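Chemist: File follows, target_33.txt with compact mmCIF, C-alpha atoms and all ligand atoms:
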```txt
# COMPACT_ATOMS: atom_id res chain seq x y z
CA MET D 1404 24.07 21.43 -2.62
CA ALA D 1405 24.40 19.09 -5.57
CA ASP D 1406 25.51 15.59 -4.71
CA ASP D 1407 28.30 14.31 -6.90
CA ARG D 1408 27.50 10.68 -6.06
CA HIS D 1409 24.68 10.96 -8.55
CA GLY D 1410 26.80 12.74 -11.09
CA GLU D 1411 29.16 9.78 -10.81
CA ASN D 1412 26.66 7.03 -11.41
CA GLY D 1413 24.73 9.03 -13.99
CA GLU D 1414 21.56 7.11 -13.11
CA ASN D 1415 19.28 9.82 -14.43
CA GLY D 1416 21.52 10.83 -17.28
CA ASN D 1417 21.68 14.51 -16.20
CA SER D 1418 24.96 16.22 -16.98
CA ASN D 1419 24.02 19.48 -15.22
CA GLN D 1420 23.28 18.21 -11.71
CA SER D 1421 23.83 21.47 -9.80
CA ASN D 1422 21.21 23.37 -11.79
CA HIS D 1423 18.98 20.39 -12.10
CA SER D 1424 18.74 19.12 -8.53
CA GLY D 1425 17.35 20.82 -5.46
CA THR D 1426 16.39 20.19 -1.86
CA ALA D 1427 13.44 18.12 -0.70
CA VAL D 1428 11.79 17.18 2.58
CA VAL D 1429 9.81 13.95 2.59
CA VAL D 1430 7.42 13.64 5.52
CA GLY D 1431 6.82 9.98 6.48
CA ALA D 1432 9.02 6.91 6.12
CA GLY D 1433 6.43 4.34 5.05
CA VAL D 1434 6.53 2.65 1.64
CA GLY D 1435 5.58 5.85 -0.22
CA GLY D 1436 8.02 8.14 1.59
CA LEU D 1437 11.00 5.80 1.39
CA ALA D 1438 10.43 5.09 -2.31
CA THR D 1439 10.12 8.83 -2.97
CA ALA D 1440 13.34 9.57 -1.09
CA ILE D 1441 15.13 6.88 -3.14
CA GLY D 1442 13.88 8.30 -6.43
CA LEU D 1443 14.90 11.84 -5.46
CA ARG D 1444 18.35 10.74 -4.30
CA ARG D 1445 18.85 8.90 -7.57
CA ALA D 1446 17.95 12.16 -9.35
CA GLY D 1447 20.69 13.93 -7.38
CA TRP D 1448 18.45 15.79 -4.97
CA SER D 1449 19.42 16.53 -1.40
CA VAL D 1450 16.73 14.84 0.72
CA ARG D 1451 15.61 14.89 4.35
CA VAL D 1452 13.14 12.23 5.51
CA LEU D 1453 11.19 13.11 8.66
CA GLU D 1454 9.42 10.25 10.43
CA GLY D 1455 7.16 10.64 13.45
CA ARG D 1456 7.88 7.18 14.87
CA THR D 1457 10.99 6.86 17.00
CA ALA D 1458 12.33 3.80 15.13
CA PRO D 1459 11.57 1.83 11.94
CA GLU D 1460 8.23 0.09 12.40
CA ARG D 1461 8.61 -3.58 11.59
CA TYR D 1462 5.08 -4.79 12.11
CA GLY D 1463 2.59 -5.54 9.38
CA THR D 1464 1.69 -8.60 7.37
CA ALA D 1465 1.76 -8.95 3.58
CA PHE D 1466 1.69 -6.57 0.63
CA GLY D 1467 0.49 -7.62 -2.81
CA ILE D 1468 2.78 -6.11 -5.46
CA HIS D 1469 1.24 -6.25 -8.93
CA PRO D 1470 3.35 -6.22 -12.10
CA ALA D 1471 3.10 -2.44 -12.72
CA ALA D 1472 4.32 -1.73 -9.18
CA GLN D 1473 7.13 -4.27 -9.70
CA SER D 1474 8.19 -2.28 -12.78
CA ALA D 1475 8.17 0.89 -10.65
CA LEU D 1476 10.42 -0.88 -8.14
CA ASP D 1477 12.69 -2.00 -11.00
CA ARG D 1478 13.05 1.62 -12.10
CA LEU D 1479 13.88 2.63 -8.52
CA GLY D 1480 16.59 -0.07 -8.48
CA LEU D 1481 14.72 -2.31 -6.05
CA GLY D 1482 13.30 -5.08 -8.23
CA GLY D 1483 16.00 -7.58 -7.27
CA ALA D 1484 15.58 -6.95 -3.54
CA LEU D 1485 11.83 -7.45 -3.88
CA ARG D 1486 12.08 -10.69 -5.85
CA ALA D 1487 14.62 -12.12 -3.37
CA ARG D 1488 12.00 -12.13 -0.60
CA ALA D 1489 8.65 -12.29 -2.39
CA LEU D 1490 6.44 -15.21 -3.36
CA PRO D 1491 4.24 -15.46 -6.46
CA TYR D 1492 0.49 -15.34 -5.93
CA ARG D 1493 -1.33 -17.90 -8.11
CA ARG D 1494 -4.31 -20.26 -8.04
CA ALA D 1495 -6.52 -18.26 -5.66
CA HIS D 1496 -10.32 -18.42 -5.55
CA VAL D 1497 -13.41 -16.82 -4.07
CA ARG D 1498 -15.28 -19.40 -2.01
CA ARG D 1499 -18.44 -19.75 0.01
CA PRO D 1500 -18.15 -20.60 3.72
CA ASP D 1501 -18.87 -24.28 2.87
CA GLY D 1502 -15.78 -24.25 0.64
CA ARG D 1503 -17.54 -24.26 -2.73
CA VAL D 1504 -15.56 -22.26 -5.30
CA LEU D 1505 -17.51 -19.34 -6.77
CA ALA D 1506 -14.82 -17.83 -9.02
CA ALA D 1507 -11.10 -17.66 -9.66
CA LEU D 1508 -9.18 -14.48 -8.85
CA PRO D 1509 -7.79 -13.17 -12.17
CA LEU D 1510 -4.15 -13.75 -11.18
CA GLU D 1511 -3.21 -16.02 -14.08
CA ARG D 1512 -4.81 -13.62 -16.56
CA VAL D 1513 -2.79 -10.74 -15.10
CA GLU D 1514 0.36 -12.87 -15.23
CA ARG D 1515 -0.19 -13.85 -18.88
CA LYS D 1516 -0.74 -10.22 -19.85
CA ALA D 1517 2.17 -8.77 -17.86
CA GLY D 1518 4.60 -11.63 -18.33
CA ARG D 1519 5.23 -11.80 -14.59
CA PRO D 1520 3.12 -12.86 -11.61
CA GLU D 1521 1.63 -10.77 -8.84
CA LEU D 1522 4.02 -11.05 -5.87
CA LEU D 1523 3.43 -11.09 -2.14
CA VAL D 1524 6.02 -9.76 0.26
CA ALA D 1525 6.04 -9.30 4.02
CA ARG D 1526 5.76 -5.61 4.90
CA PRO D 1527 8.91 -5.67 7.09
CA HIS D 1528 10.94 -7.09 4.16
CA LEU D 1529 9.80 -4.36 1.80
CA ILE D 1530 10.48 -1.64 4.39
CA ASP D 1531 13.94 -3.15 5.07
CA ALA D 1532 14.75 -3.29 1.34
CA LEU D 1533 13.73 0.37 0.90
CA LEU D 1534 15.78 1.45 3.94
CA ALA D 1535 18.80 -0.53 2.71
CA GLU D 1536 18.63 1.09 -0.74
CA LEU D 1537 18.28 4.55 0.79
CA GLY D 1538 21.31 3.82 2.98
CA ARG D 1539 23.26 2.58 -0.04
CA LEU D 1540 22.54 5.82 -1.92
CA GLY D 1541 23.68 7.83 1.12
CA GLY D 1542 22.81 11.32 2.30
CA ALA D 1543 19.16 10.78 3.20
CA ASP D 1544 19.04 8.93 6.51
CA VAL D 1545 15.60 8.86 8.06
CA GLU D 1546 15.28 11.32 10.95
CA TYR D 1547 13.12 9.43 13.48
CA GLY D 1548 11.07 11.02 16.25
CA GLN D 1549 10.25 14.02 14.01
CA ARG D 1550 6.45 14.14 14.11
CA LEU D 1551 5.61 17.22 12.16
CA THR D 1552 2.83 19.44 13.48
CA ASP D 1553 3.16 22.43 11.15
CA PRO D 1554 4.43 21.46 7.69
CA ARG D 1555 4.18 25.10 6.57
CA THR D 1556 7.46 25.77 8.36
CA LEU D 1557 9.41 23.36 6.11
CA ASP D 1558 12.04 25.08 4.06
CA ALA D 1559 12.91 23.17 0.88
CA ASP D 1560 12.38 23.41 -2.88
CA LEU D 1561 10.03 20.41 -2.70
CA VAL D 1562 7.91 19.09 0.20
CA VAL D 1563 6.40 15.62 -0.18
CA GLY D 1564 3.59 14.55 2.14
CA ALA D 1565 4.00 10.78 2.49
CA ASP D 1566 2.58 10.86 5.99
CA GLY D 1567 -0.27 8.42 5.56
CA ILE D 1568 -4.01 8.60 5.95
CA ASN D 1569 -3.99 11.31 8.66
CA SER D 1570 -1.51 13.43 6.68
CA ALA D 1571 -0.51 16.68 8.39
CA VAL D 1572 0.87 17.93 5.04
CA ARG D 1573 -2.52 17.36 3.40
CA THR D 1574 -4.40 19.19 6.15
CA ALA D 1575 -1.97 22.13 6.14
CA HIS D 1576 -1.77 22.62 2.38
CA PHE D 1577 -4.97 21.13 0.94
CA GLY D 1578 -7.46 21.94 3.73
CA THR D 1579 -9.90 19.62 5.44
CA ARG D 1580 -12.59 19.16 2.79
CA SER D 1581 -11.18 15.72 1.97
CA GLY D 1582 -10.97 13.80 5.22
CA VAL D 1583 -10.74 10.36 6.74
CA ARG D 1584 -13.99 8.38 6.65
CA THR D 1585 -14.63 5.03 8.30
CA VAL D 1586 -16.56 2.44 6.29
CA GLY D 1587 -17.97 0.64 9.34
CA THR D 1588 -15.79 -2.46 9.07
CA VAL D 1589 -13.11 -3.57 11.49
CA ALA D 1590 -10.49 -5.89 10.02
CA TRP D 1591 -8.01 -8.20 11.70
CA ILE D 1592 -4.80 -9.39 10.08
CA GLY D 1593 -2.29 -12.01 11.14
CA ILE D 1594 0.32 -14.51 10.02
CA ALA D 1595 0.03 -18.23 10.81
CA GLY D 1596 3.09 -20.42 11.11
CA PHE D 1597 2.06 -22.99 8.49
CA GLU D 1598 1.15 -23.15 4.80
CA THR D 1599 -2.40 -23.94 3.79
CA GLY D 1600 -2.22 -24.64 0.07
CA ILE D 1601 -5.60 -22.86 -0.20
CA HIS D 1602 -5.60 -19.19 -1.11
CA GLY D 1603 -8.08 -16.47 -1.91
CA GLU D 1604 -11.14 -15.10 -0.12
CA THR D 1605 -14.19 -16.68 1.45
CA TRP D 1606 -17.31 -14.53 1.57
CA GLY D 1607 -20.13 -15.01 4.05
CA ASP D 1608 -23.07 -12.96 5.25
CA GLY D 1609 -21.61 -9.48 5.90
CA ARG D 1610 -18.17 -10.95 6.67
CA PHE D 1611 -15.14 -12.27 4.85
CA PHE D 1612 -11.89 -14.12 5.37
CA GLY D 1613 -8.79 -14.00 3.13
CA MET D 1614 -5.56 -15.97 3.01
CA THR D 1615 -2.43 -15.60 0.88
CA PRO D 1616 1.13 -16.87 0.83
CA VAL D 1617 3.68 -14.48 2.36
CA GLU D 1618 6.87 -16.44 3.11
CA PRO D 1619 7.79 -20.12 2.96
CA GLY D 1620 6.09 -21.91 5.87
CA ARG D 1621 3.70 -19.06 6.70
CA THR D 1622 0.23 -17.87 5.67
CA ASN D 1623 -1.02 -14.30 5.72
CA TRP D 1624 -4.69 -14.00 6.70
CA TYR D 1625 -7.20 -11.19 7.13
CA ALA D 1626 -10.76 -11.20 8.40
CA ALA D 1627 -13.62 -8.80 8.87
CA VAL D 1628 -16.80 -9.30 10.90
CA PRO D 1629 -19.29 -6.67 11.99
CA GLY D 1630 -19.19 -6.16 15.72
CA ALA D 1631 -16.39 -8.60 16.64
CA THR D 1632 -14.12 -6.93 19.17
CA THR D 1633 -12.27 -9.87 20.74
CA ALA D 1634 -10.32 -12.86 19.46
CA ASP D 1635 -12.98 -15.21 20.86
CA GLU D 1636 -15.72 -13.35 19.00
CA LEU D 1637 -13.72 -13.46 15.78
CA ARG D 1638 -13.07 -17.19 16.12
CA ALA D 1639 -16.76 -17.81 16.89
CA ALA D 1640 -17.81 -15.83 13.79
CA PHE D 1641 -15.88 -18.24 11.54
CA GLU D 1642 -16.77 -21.49 13.29
CA GLY D 1643 -18.00 -24.06 10.80
CA TRP D 1644 -16.30 -22.37 7.82
CA HIS D 1645 -14.29 -24.57 5.52
CA ASP D 1646 -10.76 -25.67 6.40
CA PRO D 1647 -8.31 -23.98 6.98
CA VAL D 1648 -10.24 -20.88 8.16
CA PRO D 1649 -10.96 -21.94 11.78
CA ARG D 1650 -7.52 -23.59 11.98
CA LEU D 1651 -5.73 -20.37 10.94
CA LEU D 1652 -7.54 -18.44 13.67
CA ALA D 1653 -7.08 -21.17 16.29
CA GLU D 1654 -3.37 -21.54 15.62
CA THR D 1655 -2.32 -17.87 15.46
CA ASP D 1656 -1.57 -16.21 18.78
CA PRO D 1657 -4.10 -13.35 19.21
CA ALA D 1658 -1.32 -11.26 20.78
CA THR D 1659 0.17 -10.98 17.25
CA TRP D 1660 -3.08 -10.07 15.48
CA ILE D 1661 -3.37 -6.51 14.18
CA ARG D 1662 -6.79 -4.89 14.43
CA TYR D 1663 -7.66 -1.86 12.36
CA GLU D 1664 -10.65 0.17 11.34
CA MET D 1665 -11.09 0.29 7.56
CA ARG D 1666 -10.99 3.88 6.36
CA HIS D 1667 -10.59 5.89 3.19
CA LEU D 1668 -10.17 9.47 2.05
CA HIS D 1669 -13.37 11.17 0.99
CA PRO D 1670 -14.16 13.10 -1.13
CA ALA D 1671 -11.28 12.53 -3.54
CA LEU D 1672 -8.76 15.37 -3.68
CA PRO D 1673 -9.01 17.77 -6.65
CA SER D 1674 -5.19 17.72 -6.94
CA PHE D 1675 -2.23 15.84 -5.47
CA VAL D 1676 -0.01 18.94 -5.80
CA THR D 1677 -0.16 22.60 -4.85
CA ALA D 1678 1.84 25.82 -4.79
CA GLY D 1679 4.39 24.49 -7.31
CA ARG D 1680 6.35 22.77 -4.51
CA ILE D 1681 4.05 20.53 -2.44
CA ALA D 1682 3.06 16.99 -3.48
CA LEU D 1683 1.21 14.14 -1.78
CA VAL D 1684 1.92 10.44 -2.37
CA GLY D 1685 0.39 7.18 -1.12
CA ASP D 1686 -2.25 7.13 1.59
CA ALA D 1687 -1.83 10.86 2.19
CA ALA D 1688 -3.16 11.41 -1.34
CA HIS D 1689 -5.72 8.63 -1.75
CA ALA D 1690 -6.10 6.31 1.27
CA MET D 1691 -8.35 3.43 0.26
CA THR D 1692 -9.98 0.37 1.79
CA PRO D 1693 -7.69 -2.66 1.50
CA ASN D 1694 -10.07 -4.84 -0.57
CA LEU D 1695 -8.11 -4.63 -3.81
CA GLY D 1696 -4.77 -4.95 -1.99
CA GLN D 1697 -3.43 -1.86 -3.76
CA GLY D 1698 -2.25 0.41 -0.90
CA ALA D 1699 1.46 -0.32 -1.30
CA CYS D 1700 1.28 -0.62 -5.12
CA THR D 1701 -0.31 2.77 -5.61
CA ALA D 1702 2.17 4.39 -3.17
CA LEU D 1703 5.07 2.90 -5.16
CA LEU D 1704 3.60 4.03 -8.48
CA ASP D 1705 3.12 7.55 -7.08
CA ALA D 1706 6.68 7.72 -5.79
CA GLU D 1707 8.17 6.51 -9.06
CA ALA D 1708 6.04 8.84 -11.20
CA LEU D 1709 6.71 11.88 -9.01
CA THR D 1710 10.46 11.36 -8.86
CA ARG D 1711 10.69 10.56 -12.59
CA ALA D 1712 8.91 13.86 -13.37
CA VAL D 1713 11.13 15.79 -10.96
CA ALA D 1714 14.27 14.23 -12.48
CA ALA D 1715 13.09 15.11 -15.99
CA HIS D 1716 12.09 18.73 -15.27
CA GLY D 1717 14.69 19.62 -12.63
CA ARG D 1718 14.48 22.18 -9.85
CA THR D 1719 13.64 25.10 -12.12
CA GLY D 1720 10.88 23.10 -13.77
CA LEU D 1721 9.34 21.89 -10.50
CA PRO D 1722 5.83 23.31 -11.08
CA ALA D 1723 5.69 21.53 -14.46
CA ALA D 1724 7.01 18.33 -12.87
CA LEU D 1725 4.27 18.41 -10.25
CA ARG D 1726 1.61 19.01 -12.88
CA ALA D 1727 2.93 16.05 -14.87
CA TYR D 1728 2.86 13.86 -11.74
CA ASP D 1729 -0.71 14.88 -10.93
CA ALA D 1730 -1.82 14.22 -14.51
CA GLU D 1731 -0.20 10.78 -14.53
CA ARG D 1732 -1.31 9.52 -11.15
CA ARG D 1733 -4.40 11.25 -9.72
CA ARG D 1734 -7.22 9.81 -11.83
CA SER D 1735 -5.64 6.40 -11.94
CA ALA D 1736 -5.11 6.18 -8.15
CA GLN D 1737 -8.58 7.55 -7.44
CA ARG D 1738 -10.14 4.96 -9.79
CA VAL D 1739 -8.39 2.21 -7.83
CA ALA D 1740 -9.62 3.72 -4.55
CA LEU D 1741 -13.20 3.83 -5.85
CA GLY D 1742 -12.90 0.25 -7.12
CA SER D 1743 -11.65 -0.90 -3.73
CA ARG D 1744 -14.52 0.81 -1.90
CA THR D 1745 -17.06 -0.66 -4.33
CA LEU D 1746 -15.60 -4.14 -3.86
CA HIS D 1747 -15.81 -3.62 -0.10
CA ARG D 1748 -19.55 -2.96 -0.34
CA PHE D 1749 -20.01 -5.99 -2.58
CA VAL D 1750 -18.04 -8.33 -0.31
CA ILE D 1751 -19.80 -7.37 2.92
CA SER D 1752 -23.24 -7.58 1.29
CA ARG D 1753 -26.07 -8.76 3.54
CA ARG D 1754 -27.66 -10.39 0.48
CA PRO D 1755 -25.02 -13.06 -0.10
CA ALA D 1756 -27.21 -15.22 -2.36
CA LEU D 1757 -27.52 -12.42 -4.93
CA ARG D 1758 -23.85 -11.51 -4.59
CA ASP D 1759 -22.75 -15.13 -5.01
CA ALA D 1760 -25.00 -15.58 -8.04
CA LEU D 1761 -23.36 -12.54 -9.64
CA ILE D 1762 -19.82 -13.63 -8.84
CA GLY D 1763 -20.70 -17.12 -9.99
CA LEU D 1764 -21.13 -15.74 -13.50
CA LEU D 1765 -17.35 -15.25 -13.62
CA PRO D 1766 -15.14 -18.16 -14.73
CA ALA D 1767 -14.24 -20.47 -11.82
C1 LIG L 1 3.16 0.30 10.92
C2 LIG L 1 2.27 0.05 9.71
C3 LIG L 1 1.86 -1.26 9.43
C4 LIG L 1 1.07 -1.52 8.31
N1 LIG L 1 0.72 -2.82 8.04
C5 LIG L 1 0.02 -3.10 6.92
C6 LIG L 1 -0.30 -4.45 6.58
O1 LIG L 1 0.06 -5.40 7.27
N2 LIG L 1 -1.03 -4.69 5.44
C7 LIG L 1 -1.43 -3.66 4.63
O2 LIG L 1 -2.05 -3.91 3.59
N3 LIG L 1 -1.15 -2.37 4.93
C8 LIG L 1 -0.44 -2.05 6.06
N4 LIG L 1 -0.15 -0.74 6.36
C9 LIG L 1 -0.64 0.32 5.45
C10 LIG L 1 0.22 0.41 4.23
O3 LIG L 1 1.60 0.48 4.59
C11 LIG L 1 -0.14 1.66 3.44
O4 LIG L 1 -1.52 1.64 3.15
C12 LIG L 1 0.52 1.75 2.08
O5 LIG L 1 1.74 1.07 2.05
C13 LIG L 1 0.76 3.22 1.71
O6 LIG L 1 1.91 3.66 2.39
P1 LIG L 1 2.21 5.15 2.75
O7 LIG L 1 3.71 5.25 2.78
O8 LIG L 1 1.47 6.09 1.89
O9 LIG L 1 1.61 5.36 4.22
P2 LIG L 1 2.02 4.67 5.60
O10 LIG L 1 2.52 3.29 5.40
O11 LIG L 1 0.87 4.89 6.52
O12 LIG L 1 3.27 5.56 6.10
C14 LIG L 1 3.12 6.89 6.59
C15 LIG L 1 4.28 7.20 7.51
O13 LIG L 1 4.23 8.58 7.89
C16 LIG L 1 4.47 8.69 9.27
N5 LIG L 1 3.80 9.93 9.74
C17 LIG L 1 2.46 10.13 9.87
N6 LIG L 1 2.23 11.39 10.30
C18 LIG L 1 3.44 11.99 10.42
C19 LIG L 1 3.85 13.31 10.80
N7 LIG L 1 2.96 14.25 11.14
N8 LIG L 1 5.18 13.61 10.83
C20 LIG L 1 6.10 12.65 10.47
N9 LIG L 1 5.76 11.38 10.09
C21 LIG L 1 4.45 11.06 10.07
C22 LIG L 1 3.89 7.42 9.86
O14 LIG L 1 4.47 7.13 11.12
C23 LIG L 1 4.26 6.39 8.79
O15 LIG L 1 5.52 5.81 9.01
C24 LIG L 1 0.63 -0.44 7.46
C25 LIG L 1 1.02 0.88 7.77
C26 LIG L 1 1.85 1.14 8.86
C27 LIG L 1 2.29 2.57 9.17
```
With the file now loaded, output its structure as structure tokens.

Modeler:
Amino acid sequence: MADDRHGENGENGNSNQSNHSGTAVVVGAGVGGLATAIGLRRAGWSVRVLEGRTAPERYGTAFGIHPAAQSALDRLGLGGALRARALPYRRAHVRRPDGRVLAALPLERVERKAGRPELLVARPHLIDALLAELGRLGGADVEYGQRLTDPRTLDADLVVGADGINSAVRTAHFGTRSGVRTVGTVAWIGIAGFETGIHGETWGDGRFFGMTPVEPGRTNWYAAVPGATTADELRAAFEGWHDPVPRLLAETDPATWIRYEMRHLHPALPSFVTAGRIALVGDAAHAMTPNLGQGACTALLDAEALTRAVAAHGRTGLPAALRAYDAERRRSAQRVALGSRTLHRFVISRRPALRDALIGLLPA
């Protein structure tokens, strides 16, 4: 059924909504799924969002949102909501454990080129903003507690797998050749209740620590150490590192730390779309290690590109829309994933002197 709300606001400029729009099921209500549902609703599609969790998940620390992903959010109508809660990320460096600066992160260069800074936003704020926009558009409430086991039974013109790294849609429709691989690193993330004034990453022997702004009065941190399985072990691994590293770990309650195994999708998928009606977005399509901080950005770019193509081609042109989406996003997202994995290897190097000499060649 065509939805006249979208005919009214004319956001996609289509005059023939009933022929143009169709039905879609989006599996997963993370960043990628919610942004996709918003884009499809704005294009006049009738959308169901199925989420396996029983309620919105409000945990998580910070997302970096680079300028291109901000533009994608602008086009989805969410730029204002993002900027209201985000902080700019500037003046960050790569350091050695003794605090010596090895290089500057290229944030100012990116800002000069794009005309706007990289932003950091707390994951719960971004999820809330996406849910609020979806609610405002109406007609696509998230159906919680709907963990899909057989996506082949879904009956809709378009099925979007936005169900994360262990995607059931990917397994059902794209097979198991590309699968989840661990990279042998366990990371911990947390938020401390004070600002540090020092941002960026500190690289040691096979381990690293990062800290960024996230909200006024709070600092987002992340750490990875081979073999550390307890808070005490993690704190011990960073003893003697420059301030504020030990302080951040000492003054964040370990009960709030999130521990996760770094993983990625390997080998890269030969296509993000299949059968003229199935598409993957976000981690389902190209899960990557978090080193470049691009997980949320790439999911947003996928969602915006997919829904723009669907709006342009309409229901009858769905196969062409999916081909256009794949052509726009696949190589680009897979390059980012490869870059992130390569950076991971570089950062956890057991030959830190060589690594630091190389990074030291960059401008500090
Ligand atoms: C709770 C949570 C906290 C996170 N915290 C951080 C963080 O602090 N920092 C960071 O950098 N990244 C974090 N991430 C990862 C980050 O959100 C993603 O890498 C990135 O945003 C891409 O998002 P996505 O929508 O593709 O996948 P995801 O964010 O993983 O979302 C996938 C969604 O699909 C749902 N789902 C999975 N399988 C099924 C199924 N069979 N049926 C129905 N629904 C299903 C999941 O419950 C989830 O809500 C977090 C992810 C989650 C789920």

Chemist: Which residue out of D:Ala1712, D:Ala1706, D:Ala1565, D:Met1614 has the minimum interatomic distance to Thr1599 (chain D) when only C-alpha atoms are used?

Modeler: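 Closest residue, counting only C-alpha atoms: D:Met1614.
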
Chemist: I need the residue nearest Tyr1492 (chain D) from this list: D:Gln1737, D:Asn1623, D:Ser1674, D:Thr1579. Use all atoms listed in the file for the distance.

Modeler: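 Using all atoms listed in the file, Tyr1492 (chain D) sits closest to D:Asn1623.
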
Chemist: Just need the box for region 1569-1576 of chain D, edges along x, y and z, holding every atom the file lists for it with 6 Å tacked onto each side, so centre and edge lengths in Å to one decimal, as AutoDock Vina command-line options.

Modeler:
```
--center_x -1.8 --center_y 17.0 --center_z 5.5 --size_x 17.3 --size_y 23.3 --size_z 18.3
```

Chemist: Show me the residues close to (14.1, 8.0, 9.8) - anything with an atom within 8 Å, counting only C-alpha atoms - and format the list as a list in words.

Modeler: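 So the residues meeting the distance criterion are Ala1432, Val1452, Leu1453, Glu1454, Thr1457, Ala1458, Pro1459, Asp1544, Val1545, Glu1546, Tyr1547 and Gly1548 of chain D.
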
Chemist: For ligand LIG 1 (chain L), which residue among D:Arg1573, D:His1716, D:Arg1488, D:Arg1754 is the nearest when counting only C-alpha atoms and all ligand atoms?

Modeler: D:Arg1573

Chemist: Hey, what's within 7 Å of region 1669-1671 of chain D if we count all atoms listed in the file and toss same-chain stuff fewer than 6 positions away? As a list of chain:residue names, please?

Modeler: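 Contacts, with the query itself left out: D:Ser1581, D:Gly1582, D:Val1583, D:Arg1584, D:Gln1737.
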
Chemist: May I have the residues at most 9 Å from (6.3, -2.4, 11.5) in the file's coordinates, counting only C-alpha atoms, as a list in words?

Modeler: Pro1459, Glu1460, Arg1461, Tyr1462, Gly1463, Thr1464, Arg1526, Pro1527 and Ile1530 of chain D

Chemist: Taking all atoms listed in the file into account, which residues are within 7 Å of ligand LIG 1 (chain L), as an mmCIF file with C-alpha atoms, in the frame of the given file?

Modeler:
```
data_model
loop_
_atom_site.group_PDB
_atom_site.id
_atom_site.type_symbol
_atom_site.label_atom_id
_atom_site.label_comp_id
_atom_site.auth_asym_id
_atom_site.auth_seq_id
_atom_site.Cartn_x
_atom_site.Cartn_y
_atom_site.Cartn_z
ATOM 1 C CA VAL D 1430 7.420 13.640 5.520
ATOM 2 C CA GLY D 1431 6.820 9.980 6.480
ATOM 3 C CA ALA D 1432 9.020 6.910 6.120
ATOM 4 C CA GLY D 1433 6.430 4.340 5.050
ATOM 5 C CA VAL D 1434 6.530 2.650 1.640
ATOM 6 C CA GLY D 1435 5.580 5.850 -0.220
ATOM 7 C CA GLY D 1436 8.020 8.140 1.590
ATOM 8 C CA LEU D 1453 11.190 13.110 8.660
ATOM 9 C CA GLU D 1454 9.420 10.250 10.430
ATOM 10 C CA GLY D 1455 7.160 10.640 13.450
ATOM 11 C CA ARG D 1456 7.880 7.180 14.870
ATOM 12 C CA GLU D 1460 8.230 0.090 12.400
ATOM 13 C CA ARG D 1461 8.610 -3.580 11.590
ATOM 14 C CA TYR D 1462 5.080 -4.790 12.110
ATOM 15 C CA GLY D 1463 2.590 -5.540 9.380
ATOM 16 C CA THR D 1464 1.690 -8.600 7.370
ATOM 17 C CA ALA D 1465 1.760 -8.950 3.580
ATOM 18 C CA PHE D 1466 1.690 -6.570 0.630
ATOM 19 C CA ARG D 1526 5.760 -5.610 4.900
ATOM 20 C CA GLN D 1549 10.250 14.020 14.010
ATOM 21 C CA ARG D 1550 6.450 14.140 14.110
ATOM 22 C CA LEU D 1551 5.610 17.220 12.160
ATOM 23 C CA THR D 1552 2.830 19.440 13.480
ATOM 24 C CA ALA D 1565 4.000 10.780 2.490
ATOM 25 C CA ASP D 1566 2.580 10.860 5.990
ATOM 26 C CA GLY D 1567 -0.270 8.420 5.560
ATOM 27 C CA ILE D 1568 -4.010 8.600 5.950
ATOM 28 C CA ASN D 1569 -3.990 11.310 8.660
ATOM 29 C CA SER D 1570 -1.510 13.430 6.680
ATOM 30 C CA ALA D 1571 -0.510 16.680 8.390
ATOM 31 C CA ILE D 1592 -4.800 -9.390 10.080
ATOM 32 C CA VAL D 1684 1.920 10.440 -2.370
ATOM 33 C CA GLY D 1685 0.390 7.180 -1.120
ATOM 34 C CA ASP D 1686 -2.250 7.130 1.590
ATOM 35 C CA ALA D 1687 -1.830 10.860 2.190
ATOM 36 C CA ALA D 1690 -6.100 6.310 1.270
ATOM 37 C CA PRO D 1693 -7.690 -2.660 1.500
ATOM 38 C CA GLY D 1696 -4.770 -4.950 -1.990
ATOM 39 C CA GLY D 1698 -2.250 0.410 -0.900
ATOM 40 C CA ALA D 1699 1.460 -0.320 -1.300
ATOM 41 C CA ALA D 1702 2.170 4.390 -3.170
#
```

Chemist: Counting all atoms listed in the file, which residue out of D:Val1676, D:Leu1703, D:Val1589, D:Ala1640 sits closest to Ala1723 (chain D)?

Modeler: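 Looking only at the distances to Ala1723 (chain D), the closest residue turns out to be D:Val1676.
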
Chemist: With distances taken over only C-alpha atoms, which of D:Arg1493, D:Ile1762, D:Pro1629, D:Ala1595 is nearest to Thr1659 (chain D)?

Modeler: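 Between D:Arg1493, D:Ile1762, D:Pro1629, D:Ala1595, the residue approaching Thr1659 (chain D) most closely is D:Ala1595.
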
Chemist: Excluding Leu1757 (chain D) and any residue of its chain fewer than 6 positions from it, enumerate the residues within 12 Å of it, using only C-alpha atoms, and give them as a tab-separated table (two decimals) with C-alpha atoms, in the frame of the given file.

Modeler:
```tsv
chain	number	residue	atom	x	y	z
D	1607	GLY	CA	-20.13	-15.01	4.05
D	1608	ASP	CA	-23.07	-12.96	5.25
D	1749	PHE	CA	-20.01	-5.99	-2.58
D	1750	VAL	CA	-18.04	-8.33	-0.31
D	1763	GLY	CA	-20.70	-17.12	-9.99
D	1764	LEU	CA	-21.13	-15.74	-13.50
```

Chemist: I'd like the neighbourhood of Pro1657 (chain D) as an NGL selection string, where a residue qualifies if any of its atoms comes within 12 Å (using all atoms listed in the file), though same-chain residues fewer than 2 positions away should be ignored.

Modeler: :D and (1591-1595 or 1632-1638 or 1651-1655 or 1659-1662)

Chemist: Counting all atoms listed in the file, what is within 9 Å of Arg1555 (chain D), bar same-chain residues fewer than 6 positions away, as a PyMOL selection string?

Modeler: chain D and resi 1572+1575-1576
